[in-house]
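This is work-v5.tsv. It holds TSV, C-alpha atoms.
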```
chain	number	residue	atom	x	y	z
L	1	MET	CA	-17.81	-19.98	12.69
L	2	GLY	CA	-19.63	-17.20	10.82
L	3	GLU	CA	-22.45	-19.27	9.36
L	4	ILE	CA	-24.13	-20.21	12.63
L	5	ALA	CA	-24.12	-16.58	13.71
L	6	PHE	CA	-25.91	-15.05	10.77
L	7	LYS	CA	-29.69	-15.27	10.48
L	8	PRO	CA	-31.02	-14.45	6.99
L	9	GLU	CA	-34.63	-13.30	6.96
L	10	LYS	CA	-37.33	-13.03	4.28
L	11	PRO	CA	-35.79	-13.46	0.81
L	12	ARG	CA	-38.17	-11.05	-0.95
L	13	THR	CA	-37.28	-8.16	1.34
L	14	ALA	CA	-33.91	-6.69	2.26
L	15	PRO	CA	-31.57	-9.46	3.50
L	16	SER	CA	-30.64	-8.98	7.15
L	17	ILE	CA	-28.02	-10.35	9.52
L	18	VAL	CA	-28.28	-10.52	13.29
L	19	VAL	CA	-25.59	-11.23	15.85
L	20	GLY	CA	-27.51	-11.30	19.11
L	21	GLN	CA	-28.12	-12.73	22.54
L	22	ASP	CA	-29.24	-16.11	21.18
L	23	LEU	CA	-25.54	-16.87	20.60
L	24	ASP	CA	-23.11	-17.74	23.37
L	25	GLN	CA	-20.64	-14.98	24.24
L	26	THR	CA	-17.62	-16.51	22.49
L	27	THR	CA	-19.49	-17.16	19.27
L	28	ARG	CA	-21.06	-13.71	19.39
L	29	LEU	CA	-17.65	-12.03	19.74
L	30	GLU	CA	-16.11	-13.98	16.88
L	31	ALA	CA	-19.08	-13.37	14.58
L	32	TRP	CA	-19.05	-9.67	15.47
L	33	ARG	CA	-15.29	-9.42	14.94
L	34	GLN	CA	-15.68	-11.09	11.55
L	35	ALA	CA	-18.40	-8.66	10.48
L	36	VAL	CA	-16.50	-5.58	11.71
L	37	SER	CA	-13.37	-6.79	9.89
L	38	ALA	CA	-15.03	-5.63	6.67
L	39	VAL	CA	-13.91	-2.15	7.73
L	40	PHE	CA	-11.86	-2.21	10.95
L	41	ASP	CA	-9.57	-4.39	13.03
L	42	LEU	CA	-10.47	-4.63	16.72
L	43	GLU	CA	-8.01	-3.91	19.50
L	44	ASP	CA	-8.18	-3.78	23.31
L	45	VAL	CA	-10.79	-6.53	23.53
L	46	ASP	CA	-10.94	-8.77	26.61
L	47	PRO	CA	-12.98	-11.86	25.61
L	48	ALA	CA	-13.83	-12.53	29.26
L	49	THR	CA	-15.73	-9.26	29.71
L	50	PHE	CA	-16.49	-8.05	26.18
L	51	ASP	CA	-20.05	-8.10	24.88
L	52	CYS	CA	-21.48	-6.94	21.56
L	53	GLY	CA	-24.28	-7.26	19.05
L	54	MET	CA	-25.43	-6.08	15.63
L	55	ARG	CA	-28.26	-5.93	13.14
L	56	SER	CA	-27.55	-5.14	9.52
L	57	TRP	CA	-29.29	-4.96	6.17
L	58	ASN	CA	-28.10	-5.35	2.60
L	59	LEU	CA	-29.79	-2.54	0.70
L	60	GLY	CA	-28.26	-3.22	-2.70
L	61	PRO	CA	-25.93	-0.30	-3.41
L	62	MET	CA	-25.33	0.27	0.32
L	63	VAL	CA	-25.13	-1.58	3.63
L	64	LEU	CA	-26.69	-0.35	6.88
L	65	GLY	CA	-25.63	-1.71	10.25
L	66	GLU	CA	-26.57	-1.12	13.89
L	67	PHE	CA	-23.63	-2.01	16.15
L	68	TRP	CA	-23.07	-1.97	19.91
L	69	SER	CA	-20.34	-3.16	22.24
L	70	THR	CA	-19.01	-2.71	25.75
L	71	GLY	CA	-16.00	-0.84	24.37
L	72	ASN	CA	-12.94	-1.32	22.19
L	73	ARG	CA	-10.60	0.35	19.70
L	74	PHE	CA	-11.28	0.30	15.96
L	75	VAL	CA	-8.20	0.55	13.73
L	76	ARG	CA	-8.05	0.97	9.97
L	77	SER	CA	-4.39	0.83	8.97
L	78	LYS	CA	-2.68	1.15	5.59
L	79	SER	CA	-2.45	-2.61	5.27
L	80	LYS	CA	-6.13	-2.95	6.19
L	81	ILE	CA	-7.05	-0.48	3.47
L	82	ALA	CA	-5.00	-2.40	0.92
L	83	GLY	CA	-6.55	-5.73	1.85
L	84	SER	CA	-10.19	-4.70	2.13
L	85	GLY	CA	-11.14	-4.38	-1.50
L	86	PRO	CA	-13.47	-1.66	-2.78
L	87	ASP	CA	-13.38	2.03	-1.90
L	88	HIS	CA	-16.21	3.34	0.19
L	89	TYR	CA	-17.35	5.87	2.76
L	90	ILE	CA	-18.87	5.07	6.12
L	91	VAL	CA	-21.37	7.48	7.68
L	92	GLN	CA	-21.89	6.91	11.41
L	93	LEU	CA	-24.49	8.18	13.86
L	94	LEU	CA	-23.61	7.77	17.55
L	95	VAL	CA	-26.85	6.67	19.24
L	96	ARG	CA	-25.47	6.32	22.77
L	97	GLY	CA	-22.23	6.00	24.70
L	98	LYS	CA	-18.81	7.53	24.13
L	99	SER	CA	-16.48	7.50	21.15
L	100	ALA	CA	-13.56	9.55	19.87
L	101	VAL	CA	-11.18	9.68	16.92
L	102	THR	CA	-7.66	9.08	18.21
L	103	GLY	CA	-5.66	9.09	14.99
L	104	GLY	CA	-5.71	9.34	11.20
L	105	ALA	CA	-8.36	12.09	11.12
L	106	PRO	CA	-9.07	15.24	13.14
L	107	GLU	CA	-8.91	13.98	16.73
L	108	GLY	CA	-11.64	14.61	19.25
L	109	ASP	CA	-14.81	13.32	20.85
L	110	TRP	CA	-17.74	12.13	18.79
L	111	PRO	CA	-20.83	13.39	20.68
L	112	VAL	CA	-24.08	11.45	20.95
L	113	GLY	CA	-26.43	12.56	18.16
L	114	SER	CA	-23.62	13.71	15.88
L	115	VAL	CA	-22.87	12.19	12.49
L	116	ARG	CA	-19.38	11.66	11.12
L	117	LEU	CA	-18.05	10.67	7.72
L	118	LEU	CA	-14.92	8.55	7.27
L	119	ASP	CA	-13.16	8.00	3.95
L	120	MET	CA	-12.17	4.35	3.97
L	121	THR	CA	-9.21	4.94	1.65
L	122	ARG	CA	-7.52	6.73	4.56
L	123	PRO	CA	-6.28	5.36	7.89
L	124	VAL	CA	-8.20	6.11	11.07
L	125	GLU	CA	-8.26	4.98	14.69
L	126	THR	CA	-11.20	5.39	17.05
L	127	ARG	CA	-11.91	4.51	20.67
L	128	ALA	CA	-15.39	3.58	21.90
L	129	ASP	CA	-16.61	3.01	25.46
L	130	ALA	CA	-19.97	1.18	25.76
L	131	PHE	CA	-21.51	2.55	22.57
L	132	GLU	CA	-24.25	2.02	20.01
L	133	ASN	CA	-24.09	3.42	16.50
L	134	LEU	CA	-25.73	3.27	13.11
L	135	SER	CA	-23.27	2.85	10.24
L	136	LEU	CA	-24.16	3.46	6.61
L	137	ILE	CA	-21.59	2.17	4.10
L	138	LEU	CA	-21.73	3.74	0.64
L	139	PRO	CA	-19.48	3.00	-2.35
L	140	ARG	CA	-17.32	5.86	-3.54
L	141	SER	CA	-18.94	5.72	-6.97
L	142	ALA	CA	-22.32	6.58	-5.45
L	143	LEU	CA	-21.16	9.54	-3.39
L	144	ASP	CA	-18.14	11.19	-5.01
L	145	PRO	CA	-20.00	12.64	-8.02
L	146	LEU	CA	-22.39	14.38	-5.60
L	147	LEU	CA	-19.71	15.93	-3.37
L	148	SER	CA	-18.10	19.25	-4.03
L	149	THR	CA	-14.83	18.38	-2.28
L	150	PRO	CA	-14.66	14.62	-1.65
L	151	ALA	CA	-10.99	14.65	-0.62
L	152	ASP	CA	-11.68	17.05	2.28
L	153	LEU	CA	-14.39	15.13	4.13
L	154	HIS	CA	-12.46	12.51	6.08
L	155	GLY	CA	-13.31	12.84	9.76
L	156	ILE	CA	-15.82	15.68	9.45
L	157	VAL	CA	-18.40	15.59	12.25
L	158	LEU	CA	-21.83	17.22	12.04
L	159	ALA	CA	-22.71	18.60	15.48
L	160	PRO	CA	-25.81	17.09	17.16
L	161	GLN	CA	-27.91	20.27	16.83
L	162	SER	CA	-26.85	21.08	13.28
L	163	ASN	CA	-29.48	20.84	10.56
L	164	GLY	CA	-27.42	18.26	8.69
L	165	ALA	CA	-27.08	15.96	11.72
L	166	ILE	CA	-30.73	16.22	12.71
L	167	ILE	CA	-32.03	15.48	9.21
L	168	LEU	CA	-29.49	12.77	8.43
L	169	SER	CA	-29.84	11.02	11.80
L	170	GLY	CA	-33.63	11.02	11.42
L	171	PHE	CA	-33.30	9.40	8.02
L	172	MET	CA	-30.85	6.75	9.29
L	173	ARG	CA	-33.03	5.85	12.29
L	174	THR	CA	-36.13	5.52	10.11
L	175	LEU	CA	-34.21	3.50	7.56
L	176	ALA	CA	-33.06	1.10	10.29
L	177	ASP	CA	-36.64	0.72	11.51
L	178	ARG	CA	-37.98	-0.10	8.04
L	179	ALA	CA	-34.96	-1.70	6.33
L	180	ALA	CA	-36.07	-5.31	6.78
L	181	LEU	CA	-39.36	-4.52	5.00
L	182	LEU	CA	-37.86	-2.87	1.91
L	183	THR	CA	-38.21	-4.63	-1.42
L	184	PRO	CA	-35.16	-4.56	-3.74
L	185	PRO	CA	-36.54	-1.66	-5.85
L	186	GLU	CA	-37.30	0.29	-2.67
L	187	ALA	CA	-33.81	-0.42	-1.31
L	188	GLU	CA	-32.31	0.86	-4.56
L	189	ALA	CA	-34.33	4.06	-4.33
L	190	MET	CA	-33.44	4.56	-0.67
L	191	SER	CA	-29.76	4.11	-1.49
L	192	GLN	CA	-29.93	6.90	-4.03
L	193	ALA	CA	-31.76	9.08	-1.53
L	194	ALA	CA	-29.16	8.31	1.14
L	195	ALA	CA	-26.26	9.29	-1.13
L	196	ALA	CA	-27.95	12.59	-2.03
L	197	LEU	CA	-28.76	13.33	1.61
L	198	VAL	CA	-25.23	12.55	2.79
L	199	ALA	CA	-23.78	14.76	0.06
L	200	SER	CA	-26.10	17.67	0.85
L	201	SER	CA	-25.45	17.33	4.59
L	202	PHE	CA	-21.66	17.11	4.46
L	203	GLY	CA	-20.97	19.13	1.31
L	204	PRO	CA	-21.44	22.57	2.91
L	205	SER	CA	-19.21	21.50	5.82
L	206	ALA	CA	-16.25	21.17	3.47
L	207	LEU	CA	-16.43	24.91	2.66
L	208	GLY	CA	-15.53	23.93	-0.87
L	209	ARG	CA	-15.48	25.40	-4.32
L	210	ASP	CA	-18.32	26.17	-6.67
L	211	THR	CA	-20.63	23.15	-6.33
L	212	ALA	CA	-21.58	22.61	-9.97
L	213	ARG	CA	-18.02	22.94	-11.25
L	214	SER	CA	-16.61	20.69	-8.53
L	215	ALA	CA	-19.33	18.08	-9.00
L	216	GLY	CA	-18.42	17.94	-12.69
L	217	ALA	CA	-14.76	17.52	-11.77
L	218	ALA	CA	-15.66	14.69	-9.40
L	219	VAL	CA	-17.52	12.88	-12.18
L	220	THR	CA	-14.53	13.26	-14.52
L	221	ARG	CA	-12.13	12.09	-11.84
L	222	ALA	CA	-14.29	9.02	-11.18
L	223	MET	CA	-14.23	8.18	-14.91
L	224	VAL	CA	-10.44	8.52	-15.00
L	225	GLN	CA	-10.15	6.36	-11.89
L	226	GLY	CA	-12.13	3.62	-13.64
L	227	PHE	CA	-9.86	3.90	-16.68
L	228	ILE	CA	-6.79	3.57	-14.42
L	229	GLU	CA	-8.23	0.63	-12.50
L	230	ALA	CA	-8.79	-1.34	-15.71
L	231	ARG	CA	-5.21	-0.75	-16.90
L	232	LEU	CA	-3.04	-1.13	-13.81
L	233	GLY	CA	-0.94	-3.79	-15.53
L	234	ASP	CA	-0.02	-1.47	-18.41
L	235	ARG	CA	3.55	-0.19	-17.90
L	236	GLY	CA	2.77	2.71	-20.21
L	237	LEU	CA	-0.02	3.97	-17.96
L	238	ASN	CA	0.75	7.62	-17.28
L	239	ALA	CA	-0.63	11.07	-17.99
L	240	THR	CA	-0.23	10.80	-21.78
L	241	PRO	CA	-2.71	7.98	-22.57
L	242	ILE	CA	-5.14	9.29	-19.94
L	243	CYS	CA	-5.16	12.78	-21.42
L	244	THR	CA	-5.51	11.38	-24.95
L	245	HIS	CA	-8.41	9.09	-24.02
L	246	PHE	CA	-10.40	11.77	-22.18
L	247	GLY	CA	-9.33	14.82	-24.20
L	248	LEU	CA	-7.84	16.50	-21.12
L	249	SER	CA	-4.86	18.79	-20.83
L	250	ARG	CA	-2.09	17.74	-18.47
L	251	ALA	CA	-2.84	20.76	-16.28
L	252	THR	CA	-6.49	19.69	-15.95
L	253	LEU	CA	-5.54	16.09	-15.17
L	254	TYR	CA	-3.02	17.14	-12.54
L	255	ARG	CA	-5.56	19.50	-10.98
L	256	LEU	CA	-8.17	16.71	-10.81
L	257	PHE	CA	-5.79	14.42	-8.92
L	258	GLU	CA	-4.10	17.02	-6.74
L	259	PRO	CA	-6.42	16.16	-3.77
L	260	LEU	CA	-5.32	12.51	-4.11
L	261	GLY	CA	-1.60	13.25	-4.15
L	262	GLY	CA	-1.20	13.47	-7.92
L	263	VAL	CA	-2.04	11.12	-10.77
L	264	ASN	CA	1.26	9.21	-10.70
L	265	ALA	CA	1.03	8.68	-6.95
L	266	TYR	CA	-2.58	7.53	-7.34
L	267	VAL	CA	-1.61	4.94	-9.98
L	268	ARG	CA	1.24	3.66	-7.81
L	269	THR	CA	-1.03	3.41	-4.75
L	270	ARG	CA	-3.70	1.47	-6.62
L	271	ARG	CA	-1.07	-0.93	-7.98
L	272	LEU	CA	0.38	-1.49	-4.51
L	273	ASN	CA	-3.06	-2.06	-2.98
L	274	ARG	CA	-3.89	-4.64	-5.62
L	275	ALA	CA	-0.50	-6.31	-5.11
L	276	TYR	CA	-1.19	-6.55	-1.37
L	277	ARG	CA	-4.48	-8.32	-1.99
L	278	ALA	CA	-2.85	-10.63	-4.54
L	279	LEU	CA	-0.13	-11.60	-2.06
L	280	ARG	CA	-2.75	-12.45	0.57
L	281	GLY	CA	-5.05	-14.33	-1.78
L	282	ALA	CA	-5.15	-18.10	-1.98
L	283	LEU	CA	-5.45	-18.04	-5.77
L	284	ASN	CA	-2.00	-16.42	-6.04
L	285	SER	CA	-0.22	-18.46	-3.36
L	286	GLN	CA	2.04	-20.14	-5.94
L	287	THR	CA	2.64	-17.02	-8.04
L	288	ARG	CA	6.11	-15.51	-7.70
L	289	VAL	CA	6.31	-12.07	-6.11
L	290	SER	CA	8.25	-10.84	-9.15
L	291	THR	CA	5.42	-12.01	-11.44
L	292	ILE	CA	2.79	-10.16	-9.40
L	293	ALA	CA	4.94	-7.02	-9.54
L	294	SER	CA	5.48	-7.31	-13.28
L	295	ASP	CA	1.81	-7.99	-13.99
L	296	LEU	CA	0.94	-4.77	-12.17
L	297	GLY	CA	3.27	-2.61	-14.22
L	298	PHE	CA	6.28	-2.27	-11.91
L	299	GLN	CA	9.57	-1.89	-13.76
L	300	SER	CA	11.58	-4.07	-11.38
L	301	LEU	CA	11.21	-6.23	-8.29
L	302	ALA	CA	13.57	-3.90	-6.42
L	303	SER	CA	11.44	-0.79	-7.05
L	304	PHE	CA	8.27	-2.71	-6.23
L	305	SER	CA	9.69	-3.99	-2.94
L	306	ARG	CA	10.91	-0.51	-1.98
L	307	ASP	CA	7.56	1.14	-2.72
L	308	PHE	CA	5.65	-1.70	-1.03
L	309	ARG	CA	7.63	-1.40	2.19
L	310	ALA	CA	7.28	2.39	2.17
L	311	ARG	CA	3.47	2.07	1.93
L	312	PHE	CA	2.78	-0.87	4.24
L	313	GLY	CA	5.80	-1.05	6.52
L	314	VAL	CA	6.48	-4.70	5.62
L	315	SER	CA	8.00	-6.51	2.65
L	316	PRO	CA	5.95	-8.35	0.01
L	317	ARG	CA	7.39	-11.64	1.23
L	318	ASP	CA	6.37	-10.83	4.81
L	319	VAL	CA	2.76	-10.49	3.63
L	320	ARG	CA	3.00	-13.75	1.65
L	321	ARG	CA	4.37	-15.65	4.67
L	322	ALA	CA	1.74	-14.22	7.03
L	323	ALA	CA	-1.08	-15.22	4.66
L	324	ALA	CA	0.26	-18.77	4.48
L	325	VAL	CA	0.01	-19.37	8.24
L	326	GLU	CA	-3.24	-17.52	9.05
L	327	ASP	CA	-6.20	-19.56	10.23
L	328	VAL	CA	-8.96	-17.73	8.35
L	329	ASP	CA	-12.63	-18.63	8.16
L	330	ALA	CA	-13.07	-19.47	4.50
L	331	ASP	CA	-16.59	-18.00	4.42
L	332	GLY	CA	-15.69	-14.69	6.06
L	333	GLY	CA	-19.20	-13.89	7.24
L	334	GLY	CA	-22.26	-12.51	5.52
L	335	PHE	CA	-21.68	-8.88	6.44
L	336	LEU	CA	-18.08	-9.07	5.24
L	337	ARG	CA	-19.23	-10.37	1.86
L	338	TRP	CA	-21.85	-7.63	1.58
L	339	VAL	CA	-19.31	-4.85	2.06
L	340	GLU	CA	-16.77	-6.46	-0.26
L	341	SER	CA	-19.43	-6.64	-2.99
L	342	LEU	CA	-20.18	-2.90	-2.94
```
Show this structure as structure tokens.
Amino acid sequence: MGEIAFKPEKPRTAPSIVVGQDLDQTTRLEAWRQAVSAVFDLEDVDPATFDCGMRSWNLGPMVLGEFWSTGNRFVRSKSKIAGSGPDHYIVQLLVRGKSAVTGGAPEGDWPVGSVRLLDMTRPVETRADAFENLSLILPRSALDPLLSTPADLHGIVLAPQSNGAIILSGFMRTLADRAALLTPPEAEAMSQAAAALVASSFGPSALGRDTARSAGAAVTRAMVQGFIEARLGDRGLNATPICTHFGLSRATLYRLFEPLGGVNAYVRTRRLNRAYRALRGALNSQTRVSTIASDLGFQSLASFSRDFRARFGVSPRDVRRAAAVEDVDADGGGFLRWVESL
């Protein structure tokens, strides 16, 4: 259903997608749901009365979207996080309407004109009533090295009259106005500018540590995360080879990963997330659960199943069975592919 909803524009400028009034209401809802599924699941939607629309632009290292609807709940659960691929942040400006965080982050209203940052590795639930927002999706690799305390930013809201909100919202509105005209080199440059502006706007709100020292730690942590990601199937992946490879002491390594629950917990979480995606993927539909667990470094099927249920609330076989009966659009929608490619 997604293909008839998405309208690519000029190929030499930033690719854009529109879900608008030229589509019938049912098609518009399904196309919108498909696009939003890149980040959130929708709840409390009545197809008979619900209306929505979006414009979005692929700006290379980031994706910008303008969304509106008559109201619904957005839910990002643990299983959603595991199944949605790359890590990223989403920066949102509320243009009009009402919205509030109802779970997973500091709860409260999100005022018009304010800007909030959500860490998409962490669960969150929001409620919106007849809203319009601008959403900027940035990969973790672009933003983390610029942030003094990246683990502390989930759910932070810049008040409408704060300098950070005024400057950042002005940039996002202008970017939306000009996005369709940007050439690929210009989009690349604007993405770098956006990451720097987001970091400088939200960084002081974290009331963090010394900026230079913490930025250096963030860069090191990102390098270690890449090392871990490439070796998730290695059963010997622990503090020892990491410290040896990077010349770090155990104390330094543990301090780097303390905001993420510790290095061992981080490795286990990344393995479980990859296992979740493997169990849902068509390419692995005939692969035994025990083989997936073993290939990702788990010592036994029993320990894998126990950890998997503790993280996602369901068994690995439950996920496999659910994936087998789902009626999923094979294409997934243009916006969904953009976000997954970040």
* To do: Fewer than 5 positions away in the same chain doesn't count, so skip those; otherwise give me all residues within 7 Å of segment 263-266 of chain L, counting only C-alpha atoms, as an MDAnalysis selection string.
  => chainID L and resid 238 254 257
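For the residues L:Leu197, L:Val339, L:Leu42, L:Ala128, ranking by smallest atom-to-atom distance to Ile166 of chain L using all atoms listed in the file places L:Leu197 first.
Our summary of the geometry notes that atom CA of Leu117 of chain L is positioned 12.5 Å from atom CA of Ser169 of chain L.
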* Contact residues around segment 93-104 of chain L with all atoms listed in the file at 6 Å, ignoring same-chain residues under 2 positions, as a list in words -> Glu107, Gly108, Asp109, Trp110, Val112, Gly113, Ser114, Val115, Pro123, Val124, Glu125, Thr126, Arg127, Ala128, Asp129, Ala130, Phe131, Glu132, Asn133 and Leu134 of chain L
Output for the residues just chosen: C-alpha atoms as a PDB file, in the frame of the given file:
```
ATOM      1  CA  GLU L 107      -8.910  13.980  16.730  1.00  0.00           C
ATOM      2  CA  GLY L 108     -11.640  14.610  19.250  1.00  0.00           C
ATOM      3  CA  ASP L 109     -14.810  13.320  20.850  1.00  0.00           C
ATOM      4  CA  TRP L 110     -17.740  12.130  18.790  1.00  0.00           C
ATOM      5  CA  VAL L 112     -24.080  11.450  20.950  1.00  0.00           C
ATOM      6  CA  GLY L 113     -26.430  12.560  18.160  1.00  0.00           C
ATOM      7  CA  SER L 114     -23.620  13.710  15.880  1.00  0.00           C
ATOM      8  CA  VAL L 115     -22.870  12.190  12.490  1.00  0.00           C
ATOM      9  CA  PRO L 123      -6.280   5.360   7.890  1.00  0.00           C
ATOM     10  CA  VAL L 124      -8.200   6.110  11.070  1.00  0.00           C
ATOM     11  CA  GLU L 125      -8.260   4.980  14.690  1.00  0.00           C
ATOM     12  CA  THR L 126     -11.200   5.390  17.050  1.00  0.00           C
ATOM     13  CA  ARG L 127     -11.910   4.510  20.670  1.00  0.00           C
ATOM     14  CA  ALA L 128     -15.390   3.580  21.900  1.00  0.00           C
ATOM     15  CA  ASP L 129     -16.610   3.010  25.460  1.00  0.00           C
ATOM     16  CA  ALA L 130     -19.970   1.180  25.760  1.00  0.00           C
ATOM     17  CA  PHE L 131     -21.510   2.550  22.570  1.00  0.00           C
ATOM     18  CA  GLU L 132     -24.250   2.020  20.010  1.00  0.00           C
ATOM     19  CA  ASN L 133     -24.090   3.420  16.500  1.00  0.00           C
ATOM     20  CA  LEU L 134     -25.730   3.270  13.110  1.00  0.00           C
TER      21      LEU L 134
END
```
* Asked: Any idea what's packed within 12 Å of Phe171 of chain L, counting all atoms listed in the file, ignoring anything in its chain fewer than 2 positions away? Could you give it as a PyMOL selection string?
  -> chain L and resi 64+93+115+134+136+164-169+173-179+190-191+193-198+201
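For the pair atom CA of Tyr276 of chain L and atom CA of Tyr89 of chain L, the separation is 20.8 Å.
Using all atoms listed in the file for every distance, the candidate list L:Met54, L:Ala239, L:Leu143, L:Ala275 yields L:Ala239 as the residue closest to Gly262 of chain L.
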